[in-house]
file protein.cif (mmCIF, C-alpha atoms and all ligand atoms)
data_work
#
loop_
_atom_site.label_atom_id
_atom_site.label_comp_id
_atom_site.auth_asym_id
_atom_site.auth_seq_id
_atom_site.Cartn_x
_atom_site.Cartn_y
_atom_site.Cartn_z
CA MET A 231 24.41 -4.88 12.82
CA THR A 232 22.05 -6.87 15.01
CA ILE A 233 19.12 -4.51 14.45
CA PRO A 234 19.01 -3.28 10.83
CA LEU A 235 17.17 -0.13 9.73
CA SER A 236 14.67 -1.58 7.27
CA VAL A 237 14.76 -5.11 5.87
CA PRO A 238 12.22 -7.26 4.00
CA HIS A 239 9.85 -9.61 5.82
CA ILE A 240 9.45 -12.86 3.87
CA SER A 241 7.02 -15.13 5.65
CA GLY A 242 4.07 -15.86 3.36
CA ASN A 243 3.62 -17.48 -0.04
CA GLU A 244 6.88 -16.13 -1.49
CA TRP A 245 8.59 -19.55 -1.74
CA LYS A 246 5.52 -21.18 -3.19
CA TYR A 247 4.92 -18.60 -5.93
CA VAL A 248 8.59 -18.26 -6.89
CA LYS A 249 8.89 -22.05 -7.00
CA GLU A 250 5.95 -22.17 -9.34
CA CYS A 251 7.78 -19.78 -11.71
CA LEU A 252 10.84 -22.05 -11.60
CA ASP A 253 8.78 -25.24 -12.01
CA THR A 254 6.90 -23.86 -15.01
CA GLU A 255 9.99 -22.07 -16.36
CA TRP A 256 8.08 -18.79 -16.63
CA VAL A 257 10.91 -16.75 -15.15
CA SER A 258 11.21 -13.76 -17.46
CA SER A 259 9.22 -10.68 -18.39
CA ALA A 260 6.06 -12.47 -19.47
CA GLY A 261 3.94 -14.67 -17.26
CA GLY A 262 0.85 -14.82 -15.14
CA TYR A 263 2.31 -13.28 -12.01
CA VAL A 264 3.13 -10.01 -13.78
CA ASP A 265 -0.51 -9.63 -14.82
CA THR A 266 -1.75 -10.70 -11.40
CA PHE A 267 0.56 -8.31 -9.58
CA GLU A 268 -0.52 -5.42 -11.80
CA LYS A 269 -4.16 -6.24 -11.18
CA LYS A 270 -3.79 -6.65 -7.41
CA ILE A 271 -1.92 -3.36 -7.08
CA ARG A 272 -4.60 -1.66 -9.17
CA GLU A 273 -7.26 -3.03 -6.85
CA PHE A 274 -5.36 -2.20 -3.68
CA VAL A 275 -4.63 1.43 -4.53
CA GLY A 276 -7.75 2.05 -6.59
CA ALA A 277 -6.09 2.88 -9.91
CA ARG A 278 -7.62 2.31 -13.32
CA CYS A 279 -4.43 1.22 -15.13
CA SER A 280 -1.07 -0.14 -14.01
CA ALA A 281 2.21 -1.30 -15.53
CA ALA A 282 4.90 -3.15 -13.60
CA CYS A 283 8.51 -2.28 -14.34
CA VAL A 284 12.09 -2.95 -13.25
CA ASN A 285 12.26 -0.41 -10.41
CA GLY A 286 10.79 2.78 -9.04
CA THR A 287 13.38 5.01 -10.69
CA ALA A 288 12.54 3.58 -14.13
CA ALA A 289 8.84 4.06 -13.34
CA LEU A 290 9.50 7.75 -12.65
CA GLN A 291 11.58 8.16 -15.79
CA ILE A 292 8.79 6.74 -17.96
CA ALA A 293 6.14 8.71 -16.07
CA LEU A 294 7.95 12.00 -16.70
CA LYS A 295 8.34 11.15 -20.36
CA LEU A 296 4.62 10.39 -20.60
CA ALA A 297 3.90 13.68 -18.84
CA GLY A 298 5.53 15.36 -21.81
CA VAL A 299 8.69 16.55 -20.06
CA GLU A 300 11.30 17.53 -22.65
CA PRO A 301 14.94 18.59 -22.63
CA GLY A 302 15.22 22.18 -21.45
CA ASP A 303 11.98 22.08 -19.40
CA GLU A 304 11.84 22.54 -15.65
CA VAL A 305 10.32 20.08 -13.18
CA ILE A 306 9.53 21.06 -9.59
CA VAL A 307 10.88 18.53 -7.07
CA PRO A 308 11.59 18.53 -3.33
CA THR A 309 15.20 18.95 -2.26
CA LEU A 310 14.64 16.61 0.69
CA THR A 311 14.12 13.20 -0.91
CA PHE A 312 16.00 10.13 -2.02
CA ILE A 313 17.66 11.22 -5.28
CA ALA A 314 15.67 8.88 -7.57
CA PRO A 315 12.98 11.37 -8.68
CA VAL A 316 15.66 14.04 -9.23
CA ASN A 317 17.73 11.70 -11.40
CA ALA A 318 14.57 10.73 -13.29
CA VAL A 319 14.18 14.43 -14.17
CA GLY A 320 17.85 14.46 -15.17
CA TYR A 321 17.35 11.51 -17.56
CA THR A 322 14.70 13.46 -19.49
CA GLY A 323 17.12 16.33 -20.09
CA ALA A 324 14.98 18.69 -18.00
CA GLU A 325 16.21 20.72 -15.01
CA PRO A 326 14.94 20.21 -11.49
CA VAL A 327 13.75 23.24 -9.48
CA PHE A 328 14.14 22.42 -5.80
CA MET A 329 11.50 23.15 -3.15
CA ASP A 330 11.82 23.35 0.60
CA CYS A 331 10.06 20.89 2.94
CA ASP A 332 7.26 21.20 5.50
CA ALA A 333 6.98 19.83 9.06
CA TYR A 334 6.34 16.32 7.67
CA TYR A 335 9.45 16.34 5.41
CA ASN A 336 7.25 16.79 2.33
CA MET A 337 7.42 19.47 -0.34
CA ASP A 338 6.24 22.73 1.26
CA VAL A 339 2.89 23.49 -0.35
CA GLU A 340 2.80 27.18 0.56
CA LYS A 341 6.25 27.84 -0.88
CA THR A 342 5.40 25.83 -3.98
CA LEU A 343 2.29 27.96 -4.54
CA ASN A 344 4.32 31.12 -3.91
CA PHE A 345 6.84 29.97 -6.47
CA LEU A 346 4.12 29.37 -9.05
CA ASN A 347 2.35 32.67 -8.29
CA LYS A 348 5.38 34.92 -8.07
CA GLU A 349 8.07 33.30 -10.17
CA THR A 350 6.14 31.99 -13.17
CA VAL A 351 3.76 33.30 -15.80
CA TYR A 352 1.02 31.35 -17.52
CA ARG A 353 0.37 32.07 -21.15
CA SER A 354 -1.04 30.12 -24.08
CA GLY A 355 -1.30 26.90 -22.10
CA ARG A 356 2.25 26.97 -20.74
CA THR A 357 3.74 27.97 -17.42
CA VAL A 358 7.10 29.66 -17.80
CA ASP A 359 9.72 30.39 -15.14
CA ARG A 360 10.25 34.20 -15.36
CA LYS A 361 13.86 34.01 -14.33
CA THR A 362 15.05 31.23 -16.63
CA GLY A 363 12.49 31.43 -19.43
CA ARG A 364 12.05 27.66 -19.22
CA ARG A 365 8.69 25.89 -19.35
CA VAL A 366 7.58 24.33 -16.05
CA ALA A 367 6.35 21.03 -17.44
CA ALA A 368 5.70 18.94 -14.35
CA LEU A 369 5.74 18.77 -10.58
CA VAL A 370 6.78 15.69 -8.58
CA PRO A 371 5.34 15.49 -5.07
CA VAL A 372 7.15 12.79 -3.07
CA HIS A 373 5.30 11.21 -0.13
CA ILE A 374 8.37 11.15 2.11
CA PHE A 375 8.66 8.31 4.68
CA GLY A 376 5.04 7.40 3.85
CA ASN A 377 3.71 10.84 4.86
CA ALA A 378 1.02 11.90 2.42
CA VAL A 379 1.66 15.24 0.69
CA ASP A 380 -1.19 17.72 1.07
CA MET A 381 -2.19 17.20 -2.56
CA LYS A 382 -5.38 19.25 -2.88
CA PRO A 383 -3.83 22.72 -3.28
CA ILE A 384 -1.10 21.28 -5.48
CA LEU A 385 -3.57 19.63 -7.83
CA GLU A 386 -5.62 22.82 -8.00
CA ALA A 387 -2.59 24.98 -8.74
CA CYS A 388 -1.26 22.68 -11.47
CA ALA A 389 -4.63 22.03 -13.13
CA GLY A 390 -5.04 25.54 -14.47
CA ARG A 391 -1.42 25.97 -15.47
CA GLY A 392 -0.76 23.08 -17.82
CA ILE A 393 1.60 21.48 -15.29
CA LYS A 394 1.45 17.68 -15.06
CA VAL A 395 1.62 16.02 -11.65
CA VAL A 396 3.73 12.87 -11.33
CA GLU A 397 3.41 11.43 -7.81
CA ASP A 398 6.37 9.63 -6.31
CA ALA A 399 4.62 7.22 -3.96
CA ALA A 400 7.66 4.90 -3.74
CA GLU A 401 7.66 5.12 0.06
CA SER A 402 3.92 5.38 0.64
CA MET A 403 2.38 2.08 -0.46
CA GLY A 404 -0.52 1.69 1.99
CA THR A 405 -0.90 5.39 2.80
CA ARG A 406 -4.30 6.81 1.96
CA TYR A 407 -6.08 10.04 2.78
CA LYS A 408 -8.73 9.95 5.49
CA LYS A 409 -12.30 9.51 4.29
CA ASP A 410 -13.17 13.19 4.58
CA TYR A 411 -10.18 14.39 2.55
CA LEU A 412 -9.58 13.74 -1.14
CA ASP A 413 -12.19 10.96 -0.97
CA GLY A 414 -9.91 8.75 1.09
CA ARG A 415 -7.86 7.95 -1.98
CA HIS A 416 -4.56 6.13 -1.97
CA THR A 417 -1.36 8.13 -2.48
CA GLY A 418 -0.13 7.80 -6.04
CA THR A 419 -3.63 7.89 -7.58
CA LEU A 420 -4.28 11.64 -7.43
CA GLY A 421 -1.83 13.03 -9.97
CA ASP A 422 -1.77 12.38 -13.71
CA ILE A 423 0.59 9.47 -13.10
CA GLY A 424 1.80 7.74 -9.91
CA CYS A 425 4.86 5.58 -9.24
CA TYR A 426 5.61 2.94 -6.61
CA SER A 427 8.80 1.10 -5.68
CA PHE A 428 9.27 -2.46 -4.42
CA ASN A 429 12.95 -2.15 -3.57
CA GLY A 430 14.18 -4.27 -0.66
CA ASN A 431 13.90 -1.47 1.90
CA LYS A 432 10.29 -0.53 1.07
CA ILE A 433 7.21 -1.76 2.99
CA ILE A 434 6.72 -4.62 0.50
CA THR A 435 9.36 -5.81 -1.93
CA THR A 436 9.92 -7.70 -5.18
CA GLY A 437 13.68 -7.61 -4.68
CA GLY A 438 13.71 -4.74 -7.13
CA GLY A 439 10.66 -3.44 -8.92
CA GLY A 440 8.28 -0.60 -9.60
CA MET A 441 4.77 0.18 -10.80
CA ILE A 442 3.29 3.03 -12.80
CA VAL A 443 -0.41 3.82 -12.38
CA THR A 444 -2.76 6.20 -14.17
CA ALA A 445 -6.44 6.76 -14.84
CA ASP A 446 -5.71 7.74 -18.44
CA LYS A 447 -6.11 4.85 -20.88
CA LYS A 448 -3.96 6.51 -23.54
CA LEU A 449 -1.08 7.01 -21.11
CA ALA A 450 -1.57 3.43 -19.92
CA PHE A 451 -1.10 2.16 -23.45
CA GLU A 452 2.06 4.23 -23.83
CA MET A 453 3.58 3.11 -20.54
CA ARG A 454 3.31 -0.52 -21.63
CA TYR A 455 4.62 0.33 -25.06
CA LEU A 456 7.64 2.30 -23.81
CA THR A 457 8.62 -0.12 -21.05
CA ASN A 458 8.55 -2.99 -23.56
CA GLN A 459 10.97 -1.67 -26.24
CA ALA A 460 8.25 0.22 -28.16
CA LYS A 461 7.21 -2.78 -30.21
CA ASP A 462 4.84 -1.64 -32.94
CA ASP A 463 4.85 -5.07 -34.53
CA PRO A 464 5.79 -7.71 -31.96
CA VAL A 465 6.20 -10.39 -34.62
CA ARG A 466 8.33 -8.58 -37.17
CA TYR A 467 9.94 -6.33 -34.55
CA VAL A 468 9.04 -2.95 -35.94
CA HIS A 469 9.82 -0.07 -33.56
CA ASN A 470 8.64 3.47 -34.34
CA ARG A 471 10.08 5.03 -31.19
CA VAL A 472 13.03 4.58 -28.86
CA GLY A 473 11.73 2.20 -26.19
CA TYR A 474 13.15 0.80 -22.99
CA ASN A 475 13.64 -2.71 -21.63
CA TYR A 476 11.98 -1.92 -18.30
CA ARG A 477 9.55 -4.81 -17.82
CA MET A 478 9.32 -6.58 -14.46
CA THR A 479 10.06 -10.32 -14.50
CA ASN A 480 7.59 -13.01 -13.49
CA LEU A 481 9.95 -14.03 -10.64
CA GLN A 482 9.83 -10.54 -9.18
CA ALA A 483 6.07 -10.31 -9.64
CA ALA A 484 5.60 -13.67 -7.88
CA LEU A 485 7.37 -12.20 -4.86
CA GLY A 486 5.22 -9.10 -5.15
CA VAL A 487 1.93 -11.01 -5.18
CA ALA A 488 2.95 -12.90 -2.03
CA GLN A 489 4.10 -9.70 -0.31
CA LEU A 490 0.93 -7.84 -1.21
CA GLU A 491 -1.12 -10.58 0.48
CA ARG A 492 0.57 -9.57 3.73
CA LEU A 493 0.50 -5.79 3.31
CA GLN A 494 -2.58 -5.14 5.45
CA GLU A 495 -0.96 -7.06 8.28
CA PHE A 496 2.35 -5.19 7.79
CA LEU A 497 0.47 -1.90 8.03
CA GLU A 498 -1.07 -2.92 11.37
CA ILE A 499 2.32 -3.96 12.75
CA LYS A 500 3.94 -0.71 11.59
CA LYS A 501 1.18 1.37 13.18
CA ASN A 502 1.51 -0.45 16.50
CA ASN A 503 5.30 -0.14 16.47
CA TYR A 504 5.03 3.56 15.68
CA ARG A 505 2.72 4.02 18.69
CA TYR A 506 4.97 1.98 20.96
CA TYR A 507 8.03 4.02 20.05
CA LYS A 508 6.15 7.32 20.09
CA GLU A 509 4.69 7.00 23.59
CA ARG A 510 8.12 6.26 24.99
CA ILE A 511 10.34 8.52 22.89
CA ASP A 512 8.21 11.63 23.42
CA ASN A 513 8.77 11.22 27.17
CA ILE A 514 12.55 11.55 26.84
CA PRO A 515 13.56 15.22 27.22
CA GLY A 516 14.88 16.65 23.95
CA LEU A 517 13.56 13.82 21.78
CA ARG A 518 10.39 13.18 19.85
CA LEU A 519 9.22 10.82 17.15
CA ALA A 520 8.10 12.85 14.12
CA ASP A 521 4.35 13.39 13.86
CA VAL A 522 2.47 12.27 10.79
CA PRO A 523 -0.13 14.34 8.89
CA GLY A 524 -3.62 14.19 10.44
CA TYR A 525 -5.39 14.10 7.06
CA ALA A 526 -4.07 10.65 6.09
CA GLU A 527 -3.81 7.05 7.29
CA ASN A 528 -0.05 6.58 7.32
CA ASN A 529 1.87 3.45 6.34
CA HIS A 530 4.58 4.41 8.88
CA TRP A 531 7.29 3.24 6.52
CA MET A 532 10.10 5.12 8.26
CA PHE A 533 10.35 6.32 11.86
CA ALA A 534 12.00 9.74 12.07
CA LEU A 535 13.56 10.57 15.42
CA GLN A 536 13.92 14.32 16.04
CA ILE A 537 16.67 15.54 18.32
CA GLU A 538 16.73 18.87 20.14
CA GLN A 539 20.43 18.88 20.81
CA LYS A 540 20.46 21.57 23.53
CA GLU A 541 17.95 19.72 25.63
CA TYR A 542 19.01 16.16 24.82
CA GLY A 543 22.74 16.79 25.12
CA ARG A 544 23.85 14.86 22.07
CA ASP A 545 23.60 15.66 18.39
CA ARG A 546 22.64 13.40 15.50
CA GLU A 547 26.19 12.33 14.62
CA GLU A 548 27.06 11.39 18.17
CA LEU A 549 23.82 9.46 18.63
CA MET A 550 24.36 7.65 15.34
CA ARG A 551 27.80 6.54 16.53
CA ILE A 552 26.44 5.29 19.85
CA PHE A 553 23.73 3.31 18.05
CA SER A 554 26.33 1.83 15.76
CA ASP A 555 28.48 0.80 18.75
CA ASN A 556 25.41 -1.02 20.07
CA GLY A 557 24.83 -2.89 16.80
CA ILE A 558 21.83 -0.77 15.82
CA GLN A 559 21.62 0.67 12.33
CA THR A 560 20.27 4.19 12.00
CA ARG A 561 20.41 6.65 9.13
CA PRO A 562 20.27 10.41 8.71
CA VAL A 563 18.04 12.01 6.10
CA TRP A 564 19.51 12.05 2.57
CA HIS A 565 21.98 14.82 1.71
CA LEU A 566 19.83 17.60 0.23
CA ASN A 567 19.58 17.38 -3.54
CA HIS A 568 20.12 21.06 -4.34
CA LEU A 569 23.59 20.56 -2.82
CA GLN A 570 24.43 17.35 -4.73
CA ARG A 571 27.20 17.87 -7.28
CA PRO A 572 25.18 17.11 -10.47
CA TYR A 573 22.40 19.51 -9.41
CA ARG A 574 24.20 22.31 -7.60
CA LYS A 575 23.67 24.82 -10.39
CA CYS A 576 19.92 24.20 -10.61
CA ARG A 577 17.36 26.56 -9.14
CA ALA A 578 16.52 26.13 -5.45
CA TYR A 579 13.63 28.23 -4.12
CA LEU A 580 14.06 29.59 -0.58
CA VAL A 581 15.29 26.35 1.01
CA GLU A 582 15.53 26.80 4.79
CA ARG A 583 13.56 24.28 6.76
CA ALA A 584 15.04 21.28 4.96
CA LEU A 585 18.48 22.23 6.29
CA ARG A 586 17.19 22.16 9.85
CA MET A 587 15.15 18.97 9.39
CA LEU A 588 18.24 17.24 8.07
CA GLU A 589 20.24 18.34 11.08
CA ILE A 590 17.75 17.15 13.75
CA THR A 591 16.59 13.88 12.18
CA LEU A 592 17.82 10.32 12.56
CA ASN A 593 15.84 7.38 11.19
CA ILE A 594 15.62 4.46 13.61
CA PRO A 595 14.93 0.76 12.95
CA CYS A 596 11.45 0.25 11.49
CA SER A 597 11.37 -3.20 9.80
CA VAL A 598 8.11 -5.13 9.94
CA ASN A 599 9.84 -7.96 11.81
CA LEU A 600 11.11 -5.68 14.58
CA THR A 601 10.42 -7.23 17.99
CA ARG A 602 9.44 -5.56 21.27
CA LYS A 603 12.87 -6.50 22.51
CA ASP A 604 14.51 -4.73 19.56
CA MET A 605 12.48 -1.60 20.20
CA ASP A 606 13.28 -1.70 23.91
CA LYS A 607 16.97 -1.91 23.06
CA VAL A 608 16.66 1.16 20.83
CA LEU A 609 14.82 2.98 23.63
CA GLU A 610 17.43 1.91 26.15
CA VAL A 611 20.18 3.46 24.00
CA LEU A 612 18.17 6.65 23.68
CA LYS A 613 17.71 6.87 27.45
CA ASN A 614 21.10 5.80 28.69
CA GLY A 615 23.39 5.87 25.65
C1 LIG B 701 12.97 3.99 -3.24
C2 LIG B 701 12.56 5.27 -3.86
C3 LIG B 701 12.38 5.39 -5.25
C4 LIG B 701 12.59 4.31 -6.25
O1 LIG B 701 13.67 3.56 -6.01
P1 LIG B 701 14.02 2.19 -6.76
O2 LIG B 701 15.11 1.68 -5.88
O3 LIG B 701 14.48 2.58 -8.12
O4 LIG B 701 12.84 1.28 -6.81
C5 LIG B 701 11.94 6.61 -5.74
N1 LIG B 701 11.69 7.64 -4.92
C6 LIG B 701 11.84 7.55 -3.60
C7 LIG B 701 11.49 8.73 -2.76
C8 LIG B 701 12.28 6.38 -3.01
O5 LIG B 701 12.45 6.31 -1.69
#
call {"tool": "encode", "arguments": {"input": "protein.cif", "output": "structure tokens", "more": "lines below"}}
Ligand SMILES: *Cc1c(COP(=O)(O)O)cnc(C)c1O
result
Amino acid sequence: MTIPLSVPHISGNEWKYVKECLDTEWVSSAGGYVDTFEKKIREFVGARCSAACVNGTAALQIALKLAGVEPGDEVIVPTLTFIAPVNAVGYTGAEPVFMDCDAYYNMDVEKTLNFLNKETVYRSGRTVDRKTGRRVAALVPVHIFGNAVDMKPILEACAGRGIKVVEDAAESMGTRYKKDYLDGRHTGTLGDIGCYSFNGNKIITTGGGGMIVTADKKLAFEMRYLTNQAKDDPVRYVHNRVGYNYRMTNLQAALGVAQLERLQEFLEIKKNNYRYYKERIDNIPGLRLADVPGYAENNHWMFALQIEQKEYGRDREELMRIFSDNGIQTRPVWHLNHLQRPYRKCRAYLVERALRMLEITLNIPCSVNLTRKDMDKVLEVLKNG
């Protein structure tokens, strides 16, 4: 492919910082860059505590454990998302309950509230699913493609019901609410715990990596403890719980620190590219570039093209093939999770819109290093196939 969908942009201090790790031989899971990266992320997103770990999926697994999710519980998740948060629920032994999406691909807030009001009861500090008798222990809003979830009603609904909120902000590093909504806070810092990913396709990368953030000092202690093999005595190696080897390495963190230095610039580029595409795509009959929520400053991680087949004349599959023939990588939305084999028997609540969104959407190249020429080539294919 000559124009990939989403690739890293390495053009700052990455070589310098990684070389320093190699020169000093601090390459593993201790070292100054891990601490620095944790601190810089904390400062950037406005979180009180942070812990770096091996990847975003591991971050979610630990976050759910810290939220008190136990085998046999239920956790509310969107059906339209990359499978990572769903698998993280699976690792805890709990069952996902799948929610439909809204116009921005995010968990539908109204349906989620309806589910809580109509399908659950709250008694003695626990919310229980009437139909299954299981405790609803947590809810995982995922900020899909960088679009901020409308968190206010979700936080309010969960607060009085003993339901923990674990935010999956893997795709939304850089997305914050506008000043007049939720105090302009950064996605990932509103729930009890938030998780980020620095996988190679995200807006900034450490090769592979993740971060857990929280405002709760007790949880912060536990997330360090659990991601570091639950060492109660680090000299004599006494372990009172089953821990995990989930620490980020200094090499990865060095990359992260260099990438984070560029993030503000990346966000500007993404915003400009989004505008460039949007002005032109929305003028092609039958096509539009997905809108983003008005209550947030978006990181524009992914650009979602929406196809009205009747008007445009081609459907998603056909367009994908034409792009591919032209050396341009595109990707449909993930197969819906309530239809994935391991989760087919789990509860799905009135899923409708997600089916349609999947059908009409094709993600188009969005890397930070995309050139005008690349974008014009994409537009040319859209216009003339
Ligand atoms: C990328 C991603 C993750 C975490 O993925 P890792 O590859 O494990 O870092 C989690 N949730 C969503 C929605 C993602 O897109």
call {"tool": "residues_near_ligand", "arguments": {"input": "protein.cif", "ligand": "ligand LIG 701 (chain B)", "cutoff": "7 Å", "atoms": "all atoms listed in the file", "output": "ChimeraX atom specification"}}
result
/A:285-288,311-315,372,374,398,400-401,427-429,432,438-440
call {"tool": "write_last_selection", "arguments": {"input": "protein.cif", "atoms": "C-alpha atoms", "output": "PDB file, keeping the file's coordinate frame"}}
result
ATOM      1  CA  ASN A 285      12.260  -0.410 -10.410  1.00  0.00           C
ATOM      2  CA  GLY A 286      10.790   2.780  -9.040  1.00  0.00           C
ATOM      3  CA  THR A 287      13.380   5.010 -10.690  1.00  0.00           C
ATOM      4  CA  ALA A 288      12.540   3.580 -14.130  1.00  0.00           C
ATOM      5  CA  THR A 311      14.120  13.200  -0.910  1.00  0.00           C
ATOM      6  CA  PHE A 312      16.000  10.130  -2.020  1.00  0.00           C
ATOM      7  CA  ILE A 313      17.660  11.220  -5.280  1.00  0.00           C
ATOM      8  CA  ALA A 314      15.670   8.880  -7.570  1.00  0.00           C
ATOM      9  CA  PRO A 315      12.980  11.370  -8.680  1.00  0.00           C
ATOM     10  CA  VAL A 372       7.150  12.790  -3.070  1.00  0.00           C
ATOM     11  CA  ILE A 374       8.370  11.150   2.110  1.00  0.00           C
ATOM     12  CA  ASP A 398       6.370   9.630  -6.310  1.00  0.00           C
ATOM     13  CA  ALA A 400       7.660   4.900  -3.740  1.00  0.00           C
ATOM     14  CA  GLU A 401       7.660   5.120   0.060  1.00  0.00           C
ATOM     15  CA  SER A 427       8.800   1.100  -5.680  1.00  0.00           C
ATOM     16  CA  PHE A 428       9.270  -2.460  -4.420  1.00  0.00           C
ATOM     17  CA  ASN A 429      12.950  -2.150  -3.570  1.00  0.00           C
ATOM     18  CA  LYS A 432      10.290  -0.530   1.070  1.00  0.00           C
ATOM     19  CA  GLY A 438      13.710  -4.740  -7.130  1.00  0.00           C
ATOM     20  CA  GLY A 439      10.660  -3.440  -8.920  1.00  0.00           C
ATOM     21  CA  GLY A 440       8.280  -0.600  -9.600  1.00  0.00           C
TER      22      GLY A 440
END
call {"tool": "closest_residue", "arguments": {"input": "protein.cif", "among": "A:Val370, A:Ala483, A:Val319, A:Leu385", "to": "Thr266 of chain A", "atoms": "all atoms listed in the file"}}
result
A:Ala483
call {"tool": "atom_distance", "arguments": {"input": "protein.cif", "atom1": "atom CA of Val395 of chain A", "atom2": "atom CA of Ala368 of chain A"}}
result
5.7 Å
call {"tool": "residues_around", "arguments": {"input": "protein.cif", "residues": "segment 253-258 of chain A", "least_positions_apart": "4", "cutoff": "10 Å", "atoms": "all atoms listed in the file", "output": "MDAnalysis selection string"}}
result
chainID A and resid 247:249 262:264 477:484
call {"tool": "closest_residue", "arguments": {"input": "protein.cif", "among": "A:Gly557, A:Gly376, A:Gly424, A:Pro301", "to": "Arg272 of chain A", "atoms": "only C-alpha atoms"}}
result
A:Gly424
call {"tool": "residues_around", "arguments": {"input": "protein.cif", "residues": "Pro234 of chain A", "least_positions_apart": "5", "cutoff": "12 Å", "atoms": "all atoms listed in the file", "output": "count of residues only"}}
result
21
call {"tool": "atom_distance", "arguments": {"input": "protein.cif", "atom1": "atom CA of Glu244 of chain A", "atom2": "atom CA of Val487 of chain A"}}
result
8.0 Å
call {"tool": "atom_distance", "arguments": {"input": "protein.cif", "atom1": "atom CA of Leu549 of chain A", "atom2": "atom CA of Asn502 of chain A"}}
result
24.5 Å
call {"tool": "closest_residue", "arguments": {"input": "protein.cif", "among": "A:Cys251, A:Leu369, A:Val351, A:Leu580", "to": "Leu294 of chain A", "atoms": "all atoms listed in the file"}}
result
A:Leu369
call {"tool": "closest_residue", "arguments": {"input": "protein.cif", "among": "A:Val275, A:Ile306, A:Ala281, A:Ala387", "to": "Ala293 of chain A", "atoms": "all atoms listed in the file"}}
result
A:Ala281
call {"tool": "residues_around", "arguments": {"input": "protein.cif", "residues": "Glu349 of chain A", "least_positions_apart": "2", "cutoff": "9 Å", "atoms": "only C-alpha atoms", "output": "list in words"}}
result
Asn344, Phe345, Leu346, Asn347, Val351, Val358, Asp359, Arg360 and Lys361 of chain A
call {"tool": "closest_residue", "arguments": {"input": "protein.cif", "among": "A:Lys603, A:Arg505, A:His239, A:Lys447", "to": "Arg278 of chain A", "atoms": "only C-alpha atoms"}}
result
A:Lys447
call {"tool": "residues_around", "arguments": {"input": "protein.cif", "residues": "Asp413 of chain A", "least_positions_apart": "6", "cutoff": "12 Å", "atoms": "only C-alpha atoms", "output": "VMD selection string"}}
result
chain A and resid 276 381 to 382 406 to 407 419 to 420 525 to 526
call {"tool": "residues_around", "arguments": {"input": "protein.cif", "residues": "Thr362 of chain A", "least_positions_apart": "6", "cutoff": "12 Å", "atoms": "only C-alpha atoms", "output": "count of residues only"}}
result
10
call {"tool": "closest_residue", "arguments": {"input": "protein.cif", "among": "A:Ala277, A:Cys331, A:Ala520, A:Leu252", "to": "Val581 of chain A", "atoms": "only C-alpha atoms"}}
result
A:Cys331
